[in-house]
>>> print(open('protein.txt').read())   # compact mmCIF, N, CA and C atoms
# COMPACT_ATOMS: atom_id res chain seq x y z
N MET A 1 77.36 96.27 295.29
CA MET A 1 77.41 97.72 295.20
C MET A 1 78.36 98.25 296.26
N GLY A 2 79.18 99.21 295.90
CA GLY A 2 80.12 99.79 296.84
C GLY A 2 79.42 100.67 297.85
N SER A 3 80.13 101.05 298.87
CA SER A 3 79.52 101.87 299.91
C SER A 3 79.44 103.34 299.44
N ILE A 4 78.53 104.04 300.04
CA ILE A 4 78.33 105.45 299.75
C ILE A 4 79.09 106.26 300.79
N ASN A 5 80.13 106.93 300.35
CA ASN A 5 80.94 107.74 301.26
C ASN A 5 80.71 109.23 301.07
N SER A 6 80.04 109.57 299.97
CA SER A 6 79.82 110.97 299.60
C SER A 6 78.61 111.04 298.68
N TYR A 7 78.00 112.20 298.60
CA TYR A 7 76.91 112.38 297.65
C TYR A 7 77.40 112.14 296.22
N LYS A 8 78.70 112.32 296.00
CA LYS A 8 79.26 112.11 294.66
C LYS A 8 79.23 110.64 294.25
N ASP A 9 79.04 109.75 295.22
CA ASP A 9 78.92 108.33 294.92
C ASP A 9 77.51 107.95 294.47
N LEU A 10 76.56 108.84 294.67
CA LEU A 10 75.17 108.55 294.31
C LEU A 10 74.96 108.67 292.80
N LEU A 11 74.42 107.63 292.20
CA LEU A 11 74.17 107.64 290.77
C LEU A 11 73.18 108.74 290.39
N ILE A 12 72.21 109.04 291.25
CA ILE A 12 71.26 110.10 290.93
C ILE A 12 71.96 111.46 290.86
N TRP A 13 72.97 111.67 291.68
CA TRP A 13 73.73 112.92 291.62
C TRP A 13 74.58 112.94 290.34
N GLN A 14 75.25 111.84 290.03
CA GLN A 14 76.08 111.75 288.83
C GLN A 14 75.26 112.00 287.57
N LYS A 15 74.08 111.39 287.49
CA LYS A 15 73.20 111.59 286.33
C LYS A 15 72.73 113.04 286.29
N GLY A 16 72.52 113.63 287.45
CA GLY A 16 72.12 115.04 287.50
C GLY A 16 73.18 115.95 286.92
N ILE A 17 74.43 115.67 287.20
CA ILE A 17 75.54 116.46 286.65
C ILE A 17 75.58 116.30 285.13
N ILE A 18 75.41 115.09 284.65
CA ILE A 18 75.39 114.84 283.20
C ILE A 18 74.25 115.63 282.56
N LEU A 19 73.11 115.63 283.21
CA LEU A 19 71.96 116.37 282.70
C LEU A 19 72.26 117.87 282.60
N VAL A 20 72.88 118.42 283.62
CA VAL A 20 73.23 119.85 283.60
C VAL A 20 74.12 120.17 282.40
N VAL A 21 75.14 119.37 282.19
CA VAL A 21 76.07 119.60 281.08
C VAL A 21 75.34 119.54 279.74
N LYS A 22 74.48 118.55 279.58
CA LYS A 22 73.73 118.39 278.33
C LYS A 22 72.76 119.55 278.12
N VAL A 23 72.12 120.00 279.18
CA VAL A 23 71.20 121.14 279.08
C VAL A 23 71.97 122.40 278.69
N TYR A 24 73.09 122.64 279.34
CA TYR A 24 73.88 123.84 279.02
C TYR A 24 74.32 123.82 277.55
N ASN A 25 74.70 122.65 277.06
CA ASN A 25 75.11 122.56 275.66
C ASN A 25 73.94 122.79 274.72
N LEU A 26 72.76 122.29 275.07
CA LEU A 26 71.59 122.47 274.21
C LEU A 26 71.17 123.93 274.12
N VAL A 27 71.15 124.62 275.25
CA VAL A 27 70.63 125.99 275.25
C VAL A 27 71.59 127.01 274.64
N LYS A 28 72.82 126.59 274.35
CA LYS A 28 73.77 127.50 273.69
C LYS A 28 73.23 128.01 272.36
N SER A 29 72.38 127.21 271.71
CA SER A 29 71.85 127.60 270.40
C SER A 29 70.53 128.36 270.49
N PHE A 30 70.02 128.58 271.69
CA PHE A 30 68.77 129.32 271.83
C PHE A 30 69.00 130.78 271.43
N PRO A 31 67.95 131.48 271.02
CA PRO A 31 68.10 132.88 270.61
C PRO A 31 68.71 133.74 271.71
N GLN A 32 69.54 134.66 271.34
CA GLN A 32 70.21 135.56 272.28
C GLN A 32 69.19 136.33 273.13
N VAL A 33 68.06 136.65 272.54
CA VAL A 33 67.03 137.41 273.26
C VAL A 33 66.48 136.60 274.45
N GLU A 34 66.65 135.29 274.45
CA GLU A 34 66.19 134.44 275.53
C GLU A 34 67.24 134.23 276.61
N LEU A 35 68.40 134.82 276.47
CA LEU A 35 69.51 134.59 277.39
C LEU A 35 69.12 134.83 278.85
N TYR A 36 68.38 135.89 279.12
CA TYR A 36 68.02 136.22 280.50
C TYR A 36 66.59 135.81 280.83
N ALA A 37 65.99 135.03 279.97
CA ALA A 37 64.62 134.57 280.20
C ALA A 37 64.61 133.04 280.31
N LEU A 38 64.06 132.39 279.31
CA LEU A 38 63.90 130.94 279.36
C LEU A 38 65.24 130.21 279.48
N THR A 39 66.24 130.66 278.76
CA THR A 39 67.56 130.01 278.83
C THR A 39 68.10 130.02 280.26
N SER A 40 68.04 131.17 280.88
CA SER A 40 68.53 131.31 282.26
C SER A 40 67.73 130.43 283.21
N GLN A 41 66.42 130.41 283.04
CA GLN A 41 65.56 129.62 283.92
C GLN A 41 65.86 128.13 283.78
N ILE A 42 66.03 127.66 282.56
CA ILE A 42 66.33 126.24 282.33
C ILE A 42 67.67 125.87 282.97
N LYS A 43 68.65 126.74 282.82
CA LYS A 43 69.96 126.46 283.40
C LYS A 43 69.89 126.41 284.93
N ARG A 44 69.19 127.37 285.54
CA ARG A 44 69.07 127.39 287.00
C ARG A 44 68.35 126.15 287.51
N ALA A 45 67.26 125.79 286.84
CA ALA A 45 66.50 124.61 287.28
C ALA A 45 67.32 123.33 287.14
N SER A 46 68.10 123.23 286.06
CA SER A 46 68.91 122.02 285.89
C SER A 46 70.00 121.93 286.96
N VAL A 47 70.61 123.03 287.29
CA VAL A 47 71.64 123.04 288.34
C VAL A 47 71.04 122.69 289.69
N SER A 48 69.78 123.03 289.88
CA SER A 48 69.09 122.74 291.14
C SER A 48 68.94 121.24 291.39
N ILE A 49 68.90 120.44 290.34
CA ILE A 49 68.69 119.00 290.51
C ILE A 49 69.81 118.35 291.30
N PRO A 50 71.06 118.35 290.83
CA PRO A 50 72.12 117.73 291.63
C PRO A 50 72.45 118.54 292.89
N SER A 51 72.21 119.83 292.85
CA SER A 51 72.49 120.66 294.03
C SER A 51 71.62 120.25 295.21
N ASN A 52 70.34 120.01 294.96
CA ASN A 52 69.44 119.60 296.04
C ASN A 52 69.72 118.18 296.50
N ILE A 53 70.18 117.32 295.60
CA ILE A 53 70.57 115.97 296.00
C ILE A 53 71.75 116.05 296.97
N SER A 54 72.73 116.85 296.63
CA SER A 54 73.90 116.95 297.52
C SER A 54 73.54 117.65 298.83
N GLU A 55 72.69 118.67 298.77
CA GLU A 55 72.31 119.35 300.01
C GLU A 55 71.52 118.40 300.92
N GLY A 56 70.61 117.65 300.34
CA GLY A 56 69.84 116.69 301.13
C GLY A 56 70.72 115.64 301.76
N TYR A 57 71.68 115.15 301.00
CA TYR A 57 72.63 114.17 301.54
C TYR A 57 73.37 114.76 302.74
N GLY A 58 73.74 116.00 302.63
CA GLY A 58 74.50 116.67 303.69
C GLY A 58 73.71 116.95 304.96
N ARG A 59 72.40 116.83 304.89
CA ARG A 59 71.57 117.10 306.07
C ARG A 59 71.59 115.94 307.07
N ASN A 60 72.03 114.76 306.61
CA ASN A 60 72.26 113.60 307.50
C ASN A 60 71.01 113.01 308.16
N THR A 61 69.82 113.30 307.65
CA THR A 61 68.63 112.59 308.12
C THR A 61 67.83 112.16 306.90
N ASP A 62 67.22 110.99 307.01
CA ASP A 62 66.43 110.49 305.89
C ASP A 62 65.26 111.42 305.57
N LYS A 63 64.62 111.96 306.58
CA LYS A 63 63.49 112.86 306.37
C LYS A 63 63.92 114.11 305.59
N SER A 64 65.01 114.69 306.00
CA SER A 64 65.51 115.88 305.33
C SER A 64 65.97 115.55 303.91
N PHE A 65 66.67 114.45 303.76
CA PHE A 65 67.14 114.02 302.44
C PHE A 65 65.95 113.80 301.52
N SER A 66 64.91 113.17 302.03
CA SER A 66 63.71 112.92 301.24
C SER A 66 63.08 114.23 300.78
N HIS A 67 63.06 115.21 301.67
CA HIS A 67 62.51 116.53 301.33
C HIS A 67 63.30 117.17 300.17
N PHE A 68 64.62 117.08 300.24
CA PHE A 68 65.44 117.67 299.18
C PHE A 68 65.34 116.89 297.88
N LEU A 69 65.10 115.59 297.97
CA LEU A 69 64.85 114.81 296.75
C LEU A 69 63.54 115.24 296.10
N ASP A 70 62.55 115.59 296.92
CA ASP A 70 61.29 116.11 296.38
C ASP A 70 61.53 117.42 295.63
N ILE A 71 62.35 118.27 296.19
CA ILE A 71 62.68 119.54 295.53
C ILE A 71 63.43 119.26 294.22
N SER A 72 64.36 118.33 294.27
CA SER A 72 65.12 117.96 293.08
C SER A 72 64.20 117.44 291.98
N ARG A 73 63.25 116.60 292.37
CA ARG A 73 62.28 116.06 291.41
C ARG A 73 61.45 117.20 290.80
N GLY A 74 61.06 118.15 291.62
CA GLY A 74 60.32 119.31 291.12
C GLY A 74 61.13 120.10 290.10
N SER A 75 62.41 120.28 290.37
CA SER A 75 63.29 120.98 289.42
C SER A 75 63.45 120.19 288.14
N LEU A 76 63.49 118.88 288.26
CA LEU A 76 63.60 118.02 287.09
C LEU A 76 62.39 118.20 286.18
N TYR A 77 61.21 118.22 286.77
CA TYR A 77 59.99 118.41 285.98
C TYR A 77 59.91 119.83 285.43
N GLU A 78 60.46 120.78 286.16
CA GLU A 78 60.52 122.15 285.68
C GLU A 78 61.39 122.23 284.41
N VAL A 79 62.54 121.58 284.43
CA VAL A 79 63.41 121.55 283.25
C VAL A 79 62.68 120.90 282.08
N GLU A 80 62.02 119.79 282.35
CA GLU A 80 61.30 119.09 281.29
C GLU A 80 60.25 120.01 280.65
N THR A 81 59.47 120.67 281.48
CA THR A 81 58.44 121.58 280.98
C THR A 81 59.03 122.73 280.18
N GLN A 82 60.09 123.31 280.69
CA GLN A 82 60.72 124.44 280.00
C GLN A 82 61.32 124.02 278.67
N LEU A 83 61.87 122.82 278.60
CA LEU A 83 62.42 122.34 277.33
C LEU A 83 61.30 122.07 276.32
N ILE A 84 60.17 121.57 276.80
CA ILE A 84 59.02 121.38 275.91
C ILE A 84 58.57 122.73 275.37
N ILE A 85 58.51 123.73 276.22
CA ILE A 85 58.14 125.08 275.79
C ILE A 85 59.13 125.61 274.76
N ALA A 86 60.43 125.43 275.05
CA ALA A 86 61.47 125.90 274.11
C ALA A 86 61.32 125.21 272.76
N LYS A 87 61.04 123.94 272.78
CA LYS A 87 60.85 123.20 271.52
C LYS A 87 59.64 123.74 270.77
N GLU A 88 58.55 123.94 271.47
CA GLU A 88 57.32 124.47 270.85
C GLU A 88 57.53 125.87 270.27
N LEU A 89 58.42 126.63 270.91
CA LEU A 89 58.73 127.98 270.41
C LEU A 89 59.75 127.97 269.26
N GLY A 90 60.26 126.80 268.93
CA GLY A 90 61.22 126.68 267.83
C GLY A 90 62.65 127.00 268.21
N PHE A 91 62.97 126.97 269.50
CA PHE A 91 64.32 127.31 269.95
C PHE A 91 65.29 126.13 269.88
N VAL A 92 64.76 124.91 269.82
CA VAL A 92 65.61 123.72 269.83
C VAL A 92 66.10 123.43 268.42
N ALA A 93 67.43 123.43 268.26
CA ALA A 93 68.03 123.16 266.94
C ALA A 93 68.53 121.73 266.84
N ASP A 94 68.93 121.16 267.96
CA ASP A 94 69.51 119.81 267.97
C ASP A 94 68.51 118.84 268.61
N PHE A 95 67.71 118.22 267.76
CA PHE A 95 66.66 117.34 268.27
C PHE A 95 67.20 116.05 268.85
N ASN A 96 68.37 115.61 268.40
CA ASN A 96 68.98 114.42 269.00
C ASN A 96 69.35 114.69 270.45
N SER A 97 69.95 115.84 270.70
CA SER A 97 70.30 116.21 272.08
C SER A 97 69.04 116.41 272.92
N TYR A 98 68.04 117.04 272.34
CA TYR A 98 66.78 117.26 273.03
C TYR A 98 66.19 115.92 273.46
N ASN A 99 66.10 114.99 272.55
CA ASN A 99 65.54 113.67 272.85
C ASN A 99 66.38 112.91 273.88
N GLU A 100 67.69 113.06 273.79
CA GLU A 100 68.59 112.43 274.76
C GLU A 100 68.35 113.00 276.16
N ILE A 101 68.19 114.31 276.24
CA ILE A 101 67.92 114.96 277.53
C ILE A 101 66.57 114.51 278.08
N MET A 102 65.57 114.43 277.22
CA MET A 102 64.25 114.00 277.68
C MET A 102 64.29 112.56 278.21
N SER A 103 65.07 111.71 277.57
CA SER A 103 65.23 110.33 278.06
C SER A 103 65.96 110.31 279.40
N LEU A 104 66.97 111.16 279.51
CA LEU A 104 67.72 111.25 280.76
C LEU A 104 66.82 111.76 281.88
N ILE A 105 65.95 112.71 281.57
CA ILE A 105 65.00 113.22 282.57
C ILE A 105 64.09 112.10 283.05
N GLU A 106 63.60 111.30 282.13
CA GLU A 106 62.72 110.18 282.50
C GLU A 106 63.47 109.19 283.39
N GLU A 107 64.69 108.89 283.02
CA GLU A 107 65.51 107.96 283.81
C GLU A 107 65.80 108.53 285.19
N GLU A 108 66.17 109.79 285.25
CA GLU A 108 66.49 110.44 286.53
C GLU A 108 65.25 110.48 287.42
N SER A 109 64.10 110.73 286.84
CA SER A 109 62.86 110.76 287.59
C SER A 109 62.59 109.41 288.25
N LYS A 110 62.74 108.35 287.51
CA LYS A 110 62.53 107.00 288.05
C LYS A 110 63.54 106.70 289.16
N MET A 111 64.78 107.12 288.96
CA MET A 111 65.81 106.87 289.95
C MET A 111 65.55 107.65 291.24
N ILE A 112 65.15 108.92 291.11
CA ILE A 112 64.85 109.73 292.29
C ILE A 112 63.66 109.13 293.04
N ASN A 113 62.64 108.73 292.29
CA ASN A 113 61.46 108.14 292.94
C ASN A 113 61.84 106.87 293.71
N ALA A 114 62.62 106.01 293.09
CA ALA A 114 63.02 104.75 293.73
C ALA A 114 63.88 105.03 294.97
N PHE A 115 64.83 105.94 294.84
CA PHE A 115 65.71 106.26 295.96
C PHE A 115 64.91 106.89 297.10
N SER A 116 63.99 107.76 296.75
CA SER A 116 63.16 108.42 297.76
C SER A 116 62.32 107.40 298.54
N ARG A 117 61.81 106.39 297.85
CA ARG A 117 61.04 105.34 298.52
C ARG A 117 61.88 104.61 299.56
N THR A 118 63.17 104.41 299.26
CA THR A 118 64.03 103.71 300.22
C THR A 118 64.22 104.53 301.49
N LEU A 119 64.17 105.85 301.37
CA LEU A 119 64.35 106.71 302.55
C LEU A 119 63.09 106.77 303.39
N LYS A 120 61.95 106.57 302.77
CA LYS A 120 60.67 106.67 303.47
C LYS A 120 60.27 105.37 304.13
N ASN A 121 60.96 104.29 303.81
CA ASN A 121 60.64 102.98 304.41
C ASN A 121 61.44 102.71 305.66
>>> encode(input="protein.txt", output="structure tokens")
Amino acid sequence: MGSINSYKDLLIWQKGIILVVKVYNLVKSFPQVELYALTSQIKRASVSIPSNISEGYGRNTDKSFSHFLDISRGSLYEVETQLIIAKELGFVADFNSYNEIMSLIEEESKMINAFSRTLKN
């Protein structure tokens, strides 16, 4: 494995960016009336995932980084919950993308948990 010179080298950050793009593409088809409600909340929470990873990395301490990974994980679960709600409300039109995002969320969750454990040891 190559050395980590930047938060951009972290696979959890890279996957977070991919998740944001996929979420933004999915919510484009949500009802216009949801633009400033659930759609906006999902977008903000998804952006929070890689943002907190990069902020934690920039704090330069394992304890602080671990704290920001916890926040990132919370945002990840927030996105998952909001997408489940959107699906239940009938807002999801592209179920392939929805399922792909849910798989990515599961993968990202496992990666954040594993990375966080390395910081706490």
>>> select_by_dssp(input="protein.txt", residues="chain A", states="alpha helix (DSSP H)", output="ChimeraX atom specification")
/A:11-27,38-58,62-88,95-120
>>> closest_residue(input="protein.txt", among="A:Asp70, A:Ile49, A:Tyr98, A:Ala93", to="Ser116 of chain A", atoms="only N, CA and C atoms")
A:Asp70
>>> atom_distance(input="protein.txt", atom1="atom CA of Val21 of chain A", atom2="atom CA of Ser66 of chain A")
24.6 Å
>>> closest_residue(input="protein.txt", among="A:Glu80, A:Glu88, A:Glu107, A:Asp9", to="Ile53 of chain A", atoms="only C-alpha atoms")
A:Asp9
>>> residues_around(input="protein.txt", residues="Ser48 of chain A", least_positions_apart="6", cutoff="7 Å", atoms="all atoms listed in the file", output="NGL selection string")
:A and (71-72 or 75-76)
>>> atom_distance(input="protein.txt", atom1="atom C of Asn25 of chain A", atom2="atom N of Glu106 of chain A")
17.1 Å
>>> closest_residue(input="protein.txt", among="A:Lys22, A:Arg117, A:Lys63, A:Lys43", to="Val79 of chain A", atoms="only N, CA and C atoms")
A:Lys43
>>> closest_residue(input="protein.txt", among="A:Thr39, A:Ser54, A:Asn113, A:Thr81", to="Trp13 of chain A", atoms="only N, CA and C atoms")
A:Ser54
>>> atom_distance(input="protein.txt", atom1="atom N of Ile85 of chain A", atom2="atom C of Phe30 of chain A")
13.5 Å
>>> closest_residue(input="protein.txt", among="A:Tyr7, A:Asn99, A:Ala37, A:Ile42", to="Glu55 of chain A", atoms="all atoms listed in the file")
A:Tyr7
>>> residues_around(input="protein.txt", residues="Val47 of chain A", least_positions_apart="6", cutoff="9 Å", atoms="only C-alpha atoms", output="PDB file with N, CA and C atoms, in the coordinates of the input")
ATOM      1  N   GLY A  16      72.520 113.630 287.450  1.00  0.00           N
ATOM      2  CA  GLY A  16      72.120 115.040 287.500  1.00  0.00           C
ATOM      3  C   GLY A  16      73.180 115.950 286.920  1.00  0.00           C
ATOM      4  N   ILE A  17      74.430 115.670 287.200  1.00  0.00           N
ATOM      5  CA  ILE A  17      75.540 116.460 286.650  1.00  0.00           C
ATOM      6  C   ILE A  17      75.580 116.300 285.130  1.00  0.00           C
ATOM      7  N   LEU A  19      73.110 115.630 283.210  1.00  0.00           N
ATOM      8  CA  LEU A  19      71.960 116.370 282.700  1.00  0.00           C
ATOM      9  C   LEU A  19      72.260 117.870 282.600  1.00  0.00           C
ATOM     10  N   VAL A  20      72.880 118.420 283.620  1.00  0.00           N
ATOM     11  CA  VAL A  20      73.230 119.850 283.600  1.00  0.00           C
ATOM     12  C   VAL A  20      74.120 120.170 282.400  1.00  0.00           C
ATOM     13  N   SER A  75      62.410 120.280 290.370  1.00  0.00           N
ATOM     14  CA  SER A  75      63.290 120.980 289.420  1.00  0.00           C
ATOM     15  C   SER A  75      63.450 120.190 288.140  1.00  0.00           C
TER      16      SER A  75
END
